[in-house]
>>> print(open('entry-v9.txt').read())   # compact mmCIF, C-alpha atoms
# COMPACT_ATOMS: atom_id res chain seq x y z
CA MET A 1 74.40 103.59 172.15
CA SER A 2 77.30 102.07 170.30
CA LEU A 3 80.33 100.70 172.08
CA LYS A 4 82.40 103.60 170.83
CA ASP A 5 80.19 106.12 172.62
CA SER A 6 80.40 104.38 175.97
CA ILE A 7 84.13 103.85 176.31
CA PRO A 8 85.35 106.11 179.13
CA VAL A 9 88.01 108.46 177.84
CA ALA A 10 90.90 110.08 179.61
CA GLY A 11 90.31 113.46 178.04
CA LEU A 12 87.42 114.19 180.36
CA CYS A 13 89.05 113.36 183.71
CA PRO A 14 88.74 115.99 186.48
CA GLN A 15 91.07 118.91 186.14
CA GLY A 16 91.91 119.70 189.74
CA GLN A 17 95.10 118.84 191.57
CA TYR A 18 95.83 115.15 192.16
CA GLY A 19 93.00 114.27 189.75
CA VAL A 20 90.35 115.21 192.29
CA GLN A 21 87.42 117.41 191.28
CA ASP A 22 88.13 121.04 192.07
CA SER A 23 84.65 122.08 193.28
CA LEU A 24 85.78 125.61 194.04
CA ARG A 25 86.78 126.24 190.46
CA SER A 26 84.79 123.87 188.28
CA GLY A 27 81.54 123.46 190.15
CA PHE A 28 79.79 120.27 191.18
CA THR A 29 80.33 117.08 189.25
CA SER A 30 78.73 113.73 188.59
CA ALA A 31 80.58 110.58 187.62
CA LYS A 32 78.50 110.18 184.47
CA ASN A 33 79.44 113.67 183.28
CA GLU A 34 83.10 112.91 183.56
CA LEU A 35 83.19 109.41 182.13
CA LEU A 36 80.99 109.57 179.04
CA PRO A 37 81.07 112.31 176.42
CA SER A 38 77.63 113.86 175.92
CA HIS A 39 78.07 113.86 172.16
CA PRO A 40 80.33 111.73 169.94
CA LEU A 41 81.91 114.87 168.55
CA GLU A 42 82.63 116.48 171.91
CA LEU A 43 86.10 115.02 172.42
CA SER A 44 87.25 115.32 168.86
CA GLU A 45 86.19 118.95 168.77
CA LYS A 46 87.87 119.74 172.07
CA ASN A 47 91.19 118.43 170.82
CA PHE A 48 90.80 119.41 167.19
CA GLN A 49 93.33 122.25 167.15
CA LEU A 50 95.86 120.17 169.05
CA ASN A 51 95.51 117.23 166.68
CA GLN A 52 95.74 119.47 163.63
CA ASP A 53 98.97 120.96 164.94
CA LYS A 54 100.41 117.54 165.73
CA MET A 55 99.56 116.28 162.25
CA ASN A 56 101.07 119.33 160.59
CA PHE A 57 104.26 119.10 162.62
CA SER A 58 104.63 115.42 161.88
CA THR A 59 104.17 116.02 158.13
CA LEU A 60 106.68 118.86 158.30
CA ARG A 61 109.17 116.63 160.09
CA ASN A 62 108.83 113.97 157.40
CA ILE A 63 109.33 116.49 154.62
CA GLN A 64 111.97 118.85 155.95
CA GLY A 65 113.61 117.09 158.84
CA LEU A 66 113.51 117.60 162.59
CA HIS A 67 114.68 121.22 162.61
CA ALA A 68 111.56 122.64 160.93
CA PRO A 69 108.95 121.60 163.54
CA LEU A 70 111.37 122.41 166.35
CA LYS A 71 111.84 125.97 165.16
CA LEU A 72 108.14 126.41 164.55
CA GLN A 73 107.20 125.04 167.96
CA MET A 74 109.55 127.49 169.61
CA GLU A 75 107.80 130.32 167.79
CA TYR A 76 104.42 128.93 168.81
CA ARG A 77 105.52 128.81 172.43
CA ALA A 78 106.64 132.42 172.28
CA ALA A 79 103.44 133.54 170.56
CA ARG A 80 101.29 131.67 173.04
CA GLN A 81 102.70 133.74 175.87
CA ILE A 82 101.45 137.01 174.41
CA GLN A 83 98.19 137.19 176.33
CA ARG A 84 96.19 139.81 178.16
CA LEU A 85 95.30 139.37 181.82
CA PRO A 86 93.65 135.97 182.48
CA PHE A 87 90.09 137.22 182.81
CA LEU A 88 90.20 139.33 179.64
CA PRO A 89 89.77 137.88 176.14
CA SER A 90 93.03 137.78 174.20
CA SER A 91 93.19 138.27 170.46
CA ASN A 92 95.96 135.68 169.94
CA LEU A 93 96.95 137.56 166.80
CA ALA A 94 100.52 136.28 166.63
CA LEU A 95 99.43 132.70 167.23
CA ASP A 96 96.72 132.95 164.57
CA THR A 97 99.16 134.35 162.04
CA LEU A 98 101.63 131.54 162.70
CA ARG A 99 98.91 128.91 162.35
CA GLY A 100 97.40 130.51 159.28
CA SER A 101 93.99 130.68 160.88
CA ASP A 102 93.86 134.44 160.38
CA GLU A 103 93.01 133.69 156.74
CA SER A 104 90.13 131.32 157.37
CA ILE A 105 86.71 131.43 158.99
CA GLY A 106 85.24 128.49 160.83
CA PHE A 107 82.47 127.77 163.29
CA GLU A 108 84.72 128.88 166.15
CA ASP A 109 84.59 132.43 164.80
CA ILE A 110 80.84 132.52 164.32
CA LEU A 111 79.33 130.48 167.13
CA ASN A 112 79.97 131.10 170.83
CA ASP A 113 82.33 134.00 170.31
CA PRO A 114 84.38 134.15 173.55
CA ALA A 115 84.28 137.95 173.40
CA GLN A 116 80.48 137.75 173.75
CA SER A 117 80.55 135.18 176.53
CA GLU A 118 78.21 136.05 179.40
CA MET A 119 80.39 134.44 182.04
CA MET A 120 83.43 136.08 183.46
CA GLY A 121 86.04 134.77 185.85
CA GLU A 122 86.56 136.64 189.07
CA PRO A 123 89.61 138.80 188.27
CA HIS A 124 91.46 138.44 191.57
CA MET A 125 91.10 134.67 191.75
CA MET A 126 92.11 134.18 188.15
CA VAL A 127 95.25 136.28 188.44
CA GLU A 128 96.20 134.51 191.68
CA TYR A 129 95.63 131.14 190.01
CA LYS A 130 97.83 132.13 187.10
CA LEU A 131 100.61 133.39 189.37
CA GLY A 132 100.41 130.21 191.41
CA LEU A 133 99.52 132.02 194.62
CA LEU A 134 96.24 130.16 195.04
CA MET B 1 84.18 142.66 194.58
CA SER B 2 85.82 142.39 197.99
CA THR B 3 88.24 145.07 199.16
CA HIS B 4 91.85 144.29 199.90
CA ALA B 5 91.23 144.73 203.61
CA ALA B 6 88.86 141.75 203.71
CA SER B 7 90.18 138.51 205.14
CA SER B 8 90.81 135.53 202.92
CA THR B 9 87.96 133.50 204.46
CA SER B 10 85.38 136.12 203.59
CA ARG B 11 86.65 136.16 200.03
CA LYS B 12 86.27 132.39 199.81
CA HIS B 13 82.69 132.70 201.08
CA LYS B 14 82.00 135.20 198.34
CA SER B 15 83.48 132.87 195.76
CA LEU B 16 81.13 130.06 196.77
CA PHE B 17 78.21 132.31 195.99
CA THR B 18 79.74 133.29 192.67
CA LYS B 19 80.42 129.70 191.70
CA MET B 20 79.24 130.14 188.10
CA ALA B 21 81.93 132.72 187.50
CA MET B 22 84.58 130.31 188.74
CA LEU B 23 84.06 127.98 185.83
CA THR B 24 86.35 130.00 183.62
CA VAL B 25 89.35 130.15 185.93
CA SER B 26 91.30 127.24 184.60
CA ARG B 27 90.51 127.26 180.88
CA PRO B 28 89.61 130.10 178.53
CA PRO B 29 86.23 129.81 176.76
CA LEU B 30 86.47 128.32 173.28
CA GLY B 31 84.37 129.34 170.34
CA GLY B 32 82.56 126.91 168.09
CA PHE B 33 79.95 124.29 168.91
CA SER B 34 78.94 123.89 172.50
CA PHE B 35 77.80 120.47 173.69
CA GLU B 36 76.44 121.65 177.03
CA ASN B 37 72.84 120.85 176.30
CA CYS B 38 73.27 117.43 174.71
CA LYS B 39 72.62 115.44 177.86
CA ARG B 40 69.64 117.60 178.73
CA ASN B 41 68.23 117.16 175.21
CA ALA B 42 68.63 113.39 175.40
CA VAL B 43 66.75 113.32 178.70
CA LEU B 44 64.02 115.60 177.32
CA GLU B 45 63.58 113.46 174.25
CA GLY B 46 63.19 110.35 176.39
CA GLU B 47 60.55 112.03 178.54
CA VAL B 48 58.65 113.47 175.60
CA ASN B 49 58.55 110.08 173.90
CA LYS B 50 57.06 108.57 177.04
CA VAL B 51 54.19 111.06 176.86
CA GLY B 52 53.69 110.33 173.16
CA CYS B 53 54.61 113.57 171.37
CA SER B 54 57.84 114.32 169.58
CA LEU B 55 60.28 117.19 169.57
CA PRO B 56 60.16 119.60 166.60
CA THR B 57 62.38 118.57 163.70
CA ALA B 58 64.77 120.72 161.72
CA ARG B 59 63.63 122.09 158.41
CA LYS B 60 64.92 119.89 155.61
CA THR B 61 65.05 120.41 151.91
CA GLY B 62 63.60 117.12 150.67
CA THR B 63 64.98 117.93 147.34
CA THR B 64 65.95 117.21 143.83
CA ILE B 65 69.23 118.81 142.83
CA CYS B 66 71.37 117.87 139.87
CA GLY B 67 74.17 119.07 137.66
CA VAL B 68 75.53 118.26 134.23
CA VAL B 69 78.74 119.17 132.43
CA PHE B 70 78.22 120.30 128.83
CA LYS B 71 80.53 121.55 126.13
CA ASP B 72 81.39 125.00 127.49
CA GLY B 73 80.48 124.72 131.16
CA VAL B 74 78.16 123.40 133.82
CA VAL B 75 74.39 123.52 134.30
CA LEU B 76 73.07 123.20 137.87
CA GLY B 77 69.41 122.67 138.61
CA ALA B 78 67.26 122.54 141.74
CA ASP B 79 63.61 122.48 142.80
CA THR B 80 62.34 125.05 145.29
CA ARG B 81 60.42 123.27 148.05
CA ALA B 82 61.54 123.21 151.70
CA THR B 83 59.70 120.83 154.04
CA GLU B 84 59.33 120.71 157.81
CA GLY B 85 58.19 117.19 158.53
CA MET B 86 55.02 116.69 156.47
CA VAL B 87 54.38 120.38 155.84
CA VAL B 88 55.83 122.58 153.10
CA ALA B 89 57.76 125.27 154.95
CA ASP B 90 58.85 127.32 151.96
CA LYS B 91 57.27 127.14 148.52
CA ASN B 92 60.00 129.08 146.81
CA CYS B 93 63.32 128.67 148.55
CA SER B 94 66.58 129.14 146.77
CA LYS B 95 68.78 126.05 146.82
CA ILE B 96 71.53 127.17 144.49
CA HIS B 97 74.05 129.01 146.65
CA TYR B 98 76.80 131.36 145.58
CA ILE B 99 80.33 130.23 146.41
CA SER B 100 82.42 132.45 144.15
CA PRO B 101 81.81 134.29 140.86
CA ASN B 102 82.61 131.14 138.90
CA ILE B 103 81.41 128.47 141.34
CA TYR B 104 77.88 127.70 142.55
CA CYS B 105 76.65 124.96 144.85
CA CYS B 106 73.24 123.28 145.20
CA GLY B 107 72.38 122.00 148.66
CA ALA B 108 70.15 119.18 149.89
CA GLY B 109 69.59 117.98 153.44
CA THR B 110 69.09 120.20 156.48
CA ALA B 111 68.44 123.71 155.12
CA ALA B 112 70.39 125.57 157.81
CA ASP B 113 73.39 123.27 157.43
CA THR B 114 73.65 123.74 153.67
CA GLU B 115 73.17 127.50 154.01
CA MET B 116 75.84 127.99 156.70
CA THR B 117 78.31 125.55 155.16
CA THR B 118 78.17 127.20 151.76
CA GLN B 119 78.49 130.65 153.29
CA ILE B 120 81.52 129.66 155.35
CA ILE B 121 83.22 128.06 152.36
CA SER B 122 82.38 131.08 150.23
CA SER B 123 84.06 133.38 152.77
CA ASN B 124 87.07 131.10 153.03
CA LEU B 125 87.44 130.95 149.27
CA GLU B 126 87.27 134.73 149.06
CA LEU B 127 90.04 135.07 151.67
CA HIS B 128 92.06 132.40 149.91
CA GLY B 129 91.58 134.17 146.58
CA LEU B 130 92.77 137.45 148.07
CA SER B 131 95.84 135.65 149.32
CA THR B 132 96.66 133.84 146.05
CA GLY B 133 95.47 136.62 143.74
CA ARG B 134 93.78 134.12 141.40
CA LEU B 135 90.26 133.01 140.59
CA PRO B 136 89.45 130.07 142.89
CA ARG B 137 89.28 126.54 141.52
CA VAL B 138 86.40 124.16 141.96
CA ALA B 139 88.78 121.54 143.38
CA THR B 140 89.71 123.96 146.18
CA ALA B 141 86.08 124.46 147.14
CA ASN B 142 85.55 120.71 146.98
CA ARG B 143 88.48 119.99 149.29
CA MET B 144 87.46 122.65 151.79
CA LEU B 145 83.91 121.31 151.89
CA LYS B 146 84.92 117.67 152.25
CA GLN B 147 87.41 118.41 155.03
CA MET B 148 84.83 120.38 156.99
CA LEU B 149 82.08 117.77 156.55
CA PHE B 150 84.41 114.94 157.55
CA ARG B 151 85.49 116.83 160.63
CA TYR B 152 81.89 116.79 161.85
CA GLN B 153 81.39 113.11 160.97
CA GLY B 154 78.11 113.56 159.13
CA TYR B 155 76.36 115.48 161.91
CA ILE B 156 76.20 118.44 159.54
CA GLY B 157 73.53 117.15 157.18
CA ALA B 158 74.56 118.82 153.96
CA ALA B 159 74.56 116.93 150.65
CA LEU B 160 75.92 119.23 147.96
CA VAL B 161 76.33 119.42 144.22
CA LEU B 162 79.24 121.72 143.48
CA GLY B 163 79.86 123.00 139.98
CA GLY B 164 81.91 125.68 138.31
CA VAL B 165 84.29 126.69 135.58
CA ASP B 166 87.89 127.56 136.33
CA CYS B 167 91.20 127.75 134.48
CA ASN B 168 91.15 123.97 133.93
CA GLY B 169 87.68 123.84 132.43
CA PRO B 170 84.24 122.90 133.78
CA HIS B 171 84.05 120.65 136.87
CA LEU B 172 81.20 119.00 138.74
CA TYR B 173 81.41 117.35 142.16
CA SER B 174 78.89 115.69 144.45
CA ILE B 175 79.65 115.89 148.18
CA TYR B 176 77.97 113.64 150.74
CA PRO B 177 77.28 114.61 154.38
CA HIS B 178 80.03 112.36 155.73
CA GLY B 179 82.67 113.93 153.55
CA SER B 180 83.06 111.66 150.52
CA THR B 181 83.09 113.28 147.10
CA ASP B 182 82.68 112.16 143.50
CA LYS B 183 83.84 113.96 140.40
CA LEU B 184 81.45 113.04 137.60
CA PRO B 185 79.96 114.43 134.38
CA TYR B 186 76.42 114.28 135.78
CA VAL B 187 75.23 114.01 139.39
CA THR B 188 71.97 114.11 141.31
CA MET B 189 71.32 114.42 145.06
CA GLY B 190 68.38 114.61 147.43
CA SER B 191 65.24 112.58 147.92
CA GLY B 192 64.31 112.95 144.25
CA SER B 193 67.76 111.95 143.06
CA LEU B 194 66.68 108.56 141.74
CA ALA B 195 64.00 110.05 139.52
CA ALA B 196 66.42 112.67 138.19
CA MET B 197 69.18 110.12 137.68
CA ALA B 198 66.82 107.98 135.62
CA VAL B 199 66.37 110.88 133.19
CA PHE B 200 70.11 111.53 133.08
CA GLU B 201 71.01 107.90 132.46
CA ASP B 202 68.56 107.80 129.59
CA ARG B 203 69.44 110.98 127.75
CA TYR B 204 72.92 112.19 128.77
CA LYS B 205 75.46 112.57 125.97
CA PRO B 206 78.97 114.00 126.42
CA ASP B 207 79.65 117.49 124.95
CA MET B 208 76.06 118.68 124.65
CA GLU B 209 75.06 122.15 123.56
CA GLU B 210 73.85 124.66 126.15
CA GLU B 211 70.17 124.50 125.20
CA ALA B 212 70.15 120.70 125.18
CA ALA B 213 71.86 120.63 128.58
CA LYS B 214 69.34 123.11 130.02
CA GLN B 215 66.45 121.05 128.69
CA LEU B 216 67.94 117.85 130.12
CA VAL B 217 68.40 119.38 133.59
CA ARG B 218 64.90 120.86 133.46
CA ASP B 219 63.45 117.46 132.64
CA ALA B 220 65.46 115.74 135.38
CA ILE B 221 64.26 118.18 138.03
CA ALA B 222 60.70 117.91 136.72
CA ALA B 223 60.93 114.12 137.11
CA GLY B 224 61.99 114.65 140.72
CA ILE B 225 59.20 117.19 141.33
CA PHE B 226 56.43 115.00 139.97
CA ASN B 227 57.57 111.68 141.40
CA ASP B 228 58.92 112.67 144.83
CA LEU B 229 56.82 114.17 147.63
CA GLY B 230 59.73 116.08 149.11
CA SER B 231 60.37 118.11 145.94
CA GLY B 232 58.06 120.57 144.31
CA SER B 233 57.21 124.07 143.11
CA ASN B 234 59.52 125.67 140.57
CA ILE B 235 62.71 124.71 138.77
CA ASP B 236 65.77 126.93 139.20
CA LEU B 237 68.67 126.72 136.80
CA CYS B 238 72.20 128.06 136.94
CA VAL B 239 74.32 127.99 133.80
CA ILE B 240 78.01 128.61 134.43
CA THR B 241 80.35 129.18 131.51
CA LYS B 242 83.79 130.76 131.29
CA GLY B 243 83.29 134.37 132.30
CA LYS B 244 79.47 134.27 132.51
CA VAL B 245 76.91 133.00 135.00
CA ASP B 246 73.21 132.77 134.19
CA TYR B 247 71.13 132.37 137.34
CA ILE B 248 67.63 131.66 136.05
CA ARG B 249 65.14 131.75 138.90
CA PRO B 250 62.55 130.48 138.12
CA HIS B 251 63.29 128.75 134.88
CA ASP B 252 60.02 126.86 134.88
CA GLU B 253 57.00 126.95 137.13
CA ALA B 254 56.15 123.27 137.15
CA ASN B 255 53.60 123.46 139.97
CA LYS B 256 51.39 126.48 139.52
CA LYS B 257 49.00 127.25 142.34
CA GLY B 258 45.47 126.98 140.97
CA ILE B 259 43.26 130.04 140.29
CA ARG B 260 39.96 130.13 142.14
CA THR B 261 37.06 129.56 139.78
CA GLY B 262 34.33 130.86 142.12
CA ASP B 263 34.04 134.16 144.01
CA TYR B 264 32.11 134.80 147.22
CA LYS B 265 32.08 138.59 146.90
CA TYR B 266 28.70 140.14 146.09
CA LYS B 267 28.50 142.65 143.27
CA GLY B 268 27.53 146.23 144.18
CA GLY B 269 23.74 146.74 144.06
CA THR B 270 22.83 143.12 144.92
CA THR B 271 20.95 144.18 148.03
CA GLY B 272 17.96 146.44 147.35
CA VAL B 273 17.79 149.67 149.44
CA LEU B 274 14.36 150.20 151.15
CA THR B 275 14.80 153.45 153.19
CA LYS B 276 17.57 155.93 153.74
CA VAL B 277 17.84 158.25 156.84
CA VAL B 278 20.62 160.86 157.17
CA THR B 279 21.32 162.39 160.65
CA PRO B 280 23.97 165.17 160.72
CA LEU B 281 25.97 165.19 163.99
CA ASP B 282 26.70 168.64 165.52
CA LEU B 283 30.25 168.62 166.80
CA GLU B 284 32.00 171.71 168.21
CA LEU B 285 35.73 172.15 167.89
CA VAL B 286 37.16 172.24 171.46
CA ASP B 287 40.93 172.05 171.07
CA GLU B 288 43.34 171.86 168.15
CA SER B 289 46.97 170.82 168.57
CA VAL B 290 49.73 169.87 166.18
CA GLN B 291 52.19 167.10 167.11
CA THR B 292 55.32 166.87 164.99
CA MET B 293 56.61 163.39 164.11
CA ASP B 294 60.08 162.47 165.22
CA THR B 295 61.61 161.73 161.84
CA SER B 296 65.26 161.86 162.95
>>> encode(input="entry-v9.txt", output="C-alpha cells")
Amino acid sequence: MSLKDSIPVAGLCPQGQYGVQDSLRSGFTSAKNELLPSHPLELSEKNFQLNQDKMNFSTLRNIQGLHAPLKLQMEYRAARQIQRLPFLPSSNLALDTLRGSDESIGFEDILNDPAQSEMMGEPHMMVEYKLGLL
Amino acid sequence: MSTHAASSTSRKHKSLFTKMAMLTVSRPPLGGFSFENCKRNAVLEGEVNKVGCSLPTARKTGTTICGVVFKDGVVLGADTRATEGMVVADKNCSKIHYISPNIYCCGAGTAADTEMTTQIISSNLELHGLSTGRLPRVATANRMLKQMLFRYQGYIGAALVLGGVDCNGPHLYSIYPHGSTDKLPYVTMGSGSLAAMAVFEDRYKPDMEEEAAKQLVRDAIAAGIFNDLGSGSNIDLCVITKGKVDYIRPHDEANKKGIRTGDYKYKGGTTGVLTKVVTPLDLELVDESVQTMDTS
C-alpha cells in the first residue's frame, strides 16, 4: 500500500455530535474503517460534486468578479431547500437545472439509483432529527 | 411502526432492532459507485491466495485496434476476440462502438468498461447536441472521455481510439485509461498495438485514397492478429466520411475455423438387417380432452 493510501484523512471522521461515533444512527464502527479509505477513489468520489462546484465558482469569480458566484450560491442555497420529507427521495430538479447536470448522464444516474435503494430511514426518527427534536 | 401512545423508551428499543434502517438518517443515499465491499474483497483475496486459487478476472479485450486519417475521412479498424484470462470468451465481439452518427470509437482494455464508457459518452453527446442544435464534434467527445477517465484515475480500464468527421474535417484521437489523449494521423492501441504500429510506420502516407487506407488498416490489424495472442478472429472496419459511415463487419475473416475432414456418422444401410418382427399394440381410447393455450 502506498503512503498516499495510508494517510488518515479528516473526511472520514465520525459524524455524531462532539466527534463521537453515533451508534444509534450510524451503526457500529471500527477505528480502521474510519481512518483509512477502503479504496483510493472513495474520498475523491464522495467530495466530487463539492469540489466541482468550488472549482466552478472560483473560475467564475476570476472571470466575472465576486458578484457572480455570490448570486449563484444564493440561488443554490434556495434550490437546495426544495426537498421532500427526509425519508423520501427528492428529485432535486431545481438544483440539477442550476448545476447543468440535468443535461448529462453519469454513473450516479445509472448505478445505485437512490430511488431503488433497499434501505429506508425510519420516518419518525428522520423527521425528528431534521427538526432538531432528537 | 410504533403508535404515538408508546413511550419514548420503547421506541428507542425498537430502533436498536432496526439499526440498519438508521444508517440513512443523517445523509441521503448517493448514486454512483459504492465502495462498501472493497475491504471485504481485499480480505477475501488475501484468504484465497493463501489457499492457492485466484479470484475470477474481468473479461478483457486483449486487442488490436487502430485508426488512420485519409484524404476524405477516417478509417477505424479492430479485431474481434475477447479473452477471459487464457480462454477466448467471445470469438466475434464488436469493438467499434457508436458514439454519434459521425463519430465512432474503438475500445481496448476491460470490455465492460469500454462498453459502458462509450455508451455514457454517446448519451451525453446526444443531449449536448440537442442543446446546441449542431452535429457534435470529435473534440467534444474527446474532452468528455478524458475528463471522465481522469476522474476515476485509471481504475476504469478503457483505452480508446476515437475517430470521426465533423465540420472541421476528419479527426483521430487515442485516449489512455488514465485520461491522457493524443491527436495524431494514425494511432494503435491494445496488446497488438506494437505489431499494428510497425505496419503503419512502414506504409503510412498522408492524404491516402480510401481503398489504400482500408488496405493499410486491414494489414495492420492482421499483423496484430497473427503476432499477438490476445487478438484474433475477424477484422472489422469502419470508414467515416463526411455524411457517410461504412460499418463493415466483418471486413475480412483472417482466422477461419477449420472444416472437419472426417465424419463419424454411418451411412444408411451400413448395418445389414437379419429379421424383422412387427407387433401391433391394441390401445383403446379412454378419454379425449382439448386444452386451449393461453396465448394472451
>>> atom_distance(input="entry-v9.txt", atom1="CA of Leu43 (chain A)", atom2="CA of Arg151 (chain B)")
11.9 Å
>>> residues_around(input="entry-v9.txt", residues="Ala115 (chain A)", least_positions_apart="4", cutoff="12 Å", atoms="only C-alpha atoms", output="PyMOL selection string")
(chain A and resi 87-91+108-111+119-120) or (chain B and resi 28-31)
>>> residues_near_point(input="entry-v9.txt", point="(74.0, 107.3, 145.5)", cutoff="12 Å", atoms="all atoms listed in the file", output="list in words")
Ala159, Ser174, Ile175, Tyr176, Pro177, Ser180, Thr181, Asp182, Val187, Thr188, Met189, Gly190, Ser191, Gly192, Ser193, Leu194, Ala195, Ala196 and Met197 of chain B
>>> residues_around(input="entry-v9.txt", residues="Leu125 (chain B)", least_positions_apart="5", cutoff="8 Å", atoms="all atoms listed in the file", output="list in words")
Ile99, Ser100, Pro136, Thr140 and Ala141 of chain B
>>> closest_atom_pairs(input="entry-v9.txt", of="chain A", to="chain B", cutoff="6 Å", atoms="only C-alpha atoms", output="Markdown table")
| residue | atom | partner | partner_atom | distance |
| --- | --- | --- | --- | --- |
| A:Arg25 | CA | B:Met22 | CA | 4.9 |
| A:Ser26 | CA | B:Leu23 | CA | 4.8 |
| A:Ser38 | CA | B:Lys39 | CA | 5.6 |
| A:Ser104 | CA | B:Asn124 | CA | 5.3 |
| A:Ile105 | CA | B:Asn124 | CA | 6.0 |
| A:Phe107 | CA | B:Gly32 | CA | 4.9 |
| A:Glu108 | CA | B:Gly32 | CA | 3.5 |
| A:Leu111 | CA | B:Gly32 | CA | 4.9 |
| A:Asn112 | CA | B:Gly31 | CA | 4.8 |
| A:Asp113 | CA | B:Gly31 | CA | 5.1 |
| A:Pro114 | CA | B:Pro29 | CA | 5.7 |
| A:Met119 | CA | B:Ala21 | CA | 5.9 |
| A:Met120 | CA | B:Ala21 | CA | 5.5 |
| A:Gly121 | CA | B:Ala21 | CA | 4.9 |
| A:Met126 | CA | B:Val25 | CA | 5.4 |
>>> residues_around(input="entry-v9.txt", residues="Ala89 (chain B)", least_positions_apart="5", cutoff="12 Å", atoms="only C-alpha atoms", output="NGL selection string")
:B and (57-62 or 80-84 or 111 or 230-233)
>>> atom_distance(input="entry-v9.txt", atom1="CA of Arg134 (chain B)", atom2="CA of Met208 (chain B)")
28.9 Å
>>> atom_distance(input="entry-v9.txt", atom1="CA of Leu216 (chain B)", atom2="CA of Gly73 (chain B)")
14.3 Å
>>> residues_around(input="entry-v9.txt", residues="Val127 (chain A)", least_positions_apart="4", cutoff="10 Å", atoms="only C-alpha atoms", output="MDAnalysis selection string")
(chainID A and resid 85:87 121:123 131:134) or (chainID B and resid 25)
>>> closest_residue(input="entry-v9.txt", among="B:Cys238, B:Leu281, B:Ala198, B:Cys167", to="Ala220 (chain B)", atoms="all atoms listed in the file")
B:Ala198
>>> closest_residue(input="entry-v9.txt", among="B:Asp287, B:Gln215, B:Tyr186, B:Gly133", to="Glu201 (chain B)", atoms="all atoms listed in the file")
B:Tyr186
>>> axis_aligned_box(input="entry-v9.txt", around="region 75-81 of chain A", padding_each_side="5 Å", output="lines of an AutoDock Vina configuration file")
center_x = 104.5
center_y = 131.3
center_z = 171.8
size_x = 16.5
size_y = 14.9
size_z = 18.1
>>> closest_residue(input="entry-v9.txt", among="A:Asn51, A:Gly106, A:Glu128, A:Arg77", to="Thr118 (chain B)", atoms="only C-alpha atoms")
A:Gly106
>>> residues_around(input="entry-v9.txt", residues="Lys95 (chain B)", least_positions_apart="6", cutoff="8 Å", atoms="only C-alpha atoms", output="PDB file with C-alpha atoms, keeping the file's coordinate frame")
ATOM      1  CA  ALA B  78      67.260 122.540 141.740  1.00  0.00           C
ATOM      2  CA  ASP B  79      63.610 122.480 142.800  1.00  0.00           C
ATOM      3  CA  THR B  80      62.340 125.050 145.290  1.00  0.00           C
ATOM      4  CA  CYS B 106      73.240 123.280 145.200  1.00  0.00           C
ATOM      5  CA  GLY B 107      72.380 122.000 148.660  1.00  0.00           C
ATOM      6  CA  ALA B 108      70.150 119.180 149.890  1.00  0.00           C
TER       7      ALA B 108
END
>>> residues_near_point(input="entry-v9.txt", point="(70.7, 129.4, 138.6)", cutoff="9 Å", atoms="only C-alpha atoms", output="PyMOL selection string")
chain B and resi 75-78+96-97+104+236-240+245-251
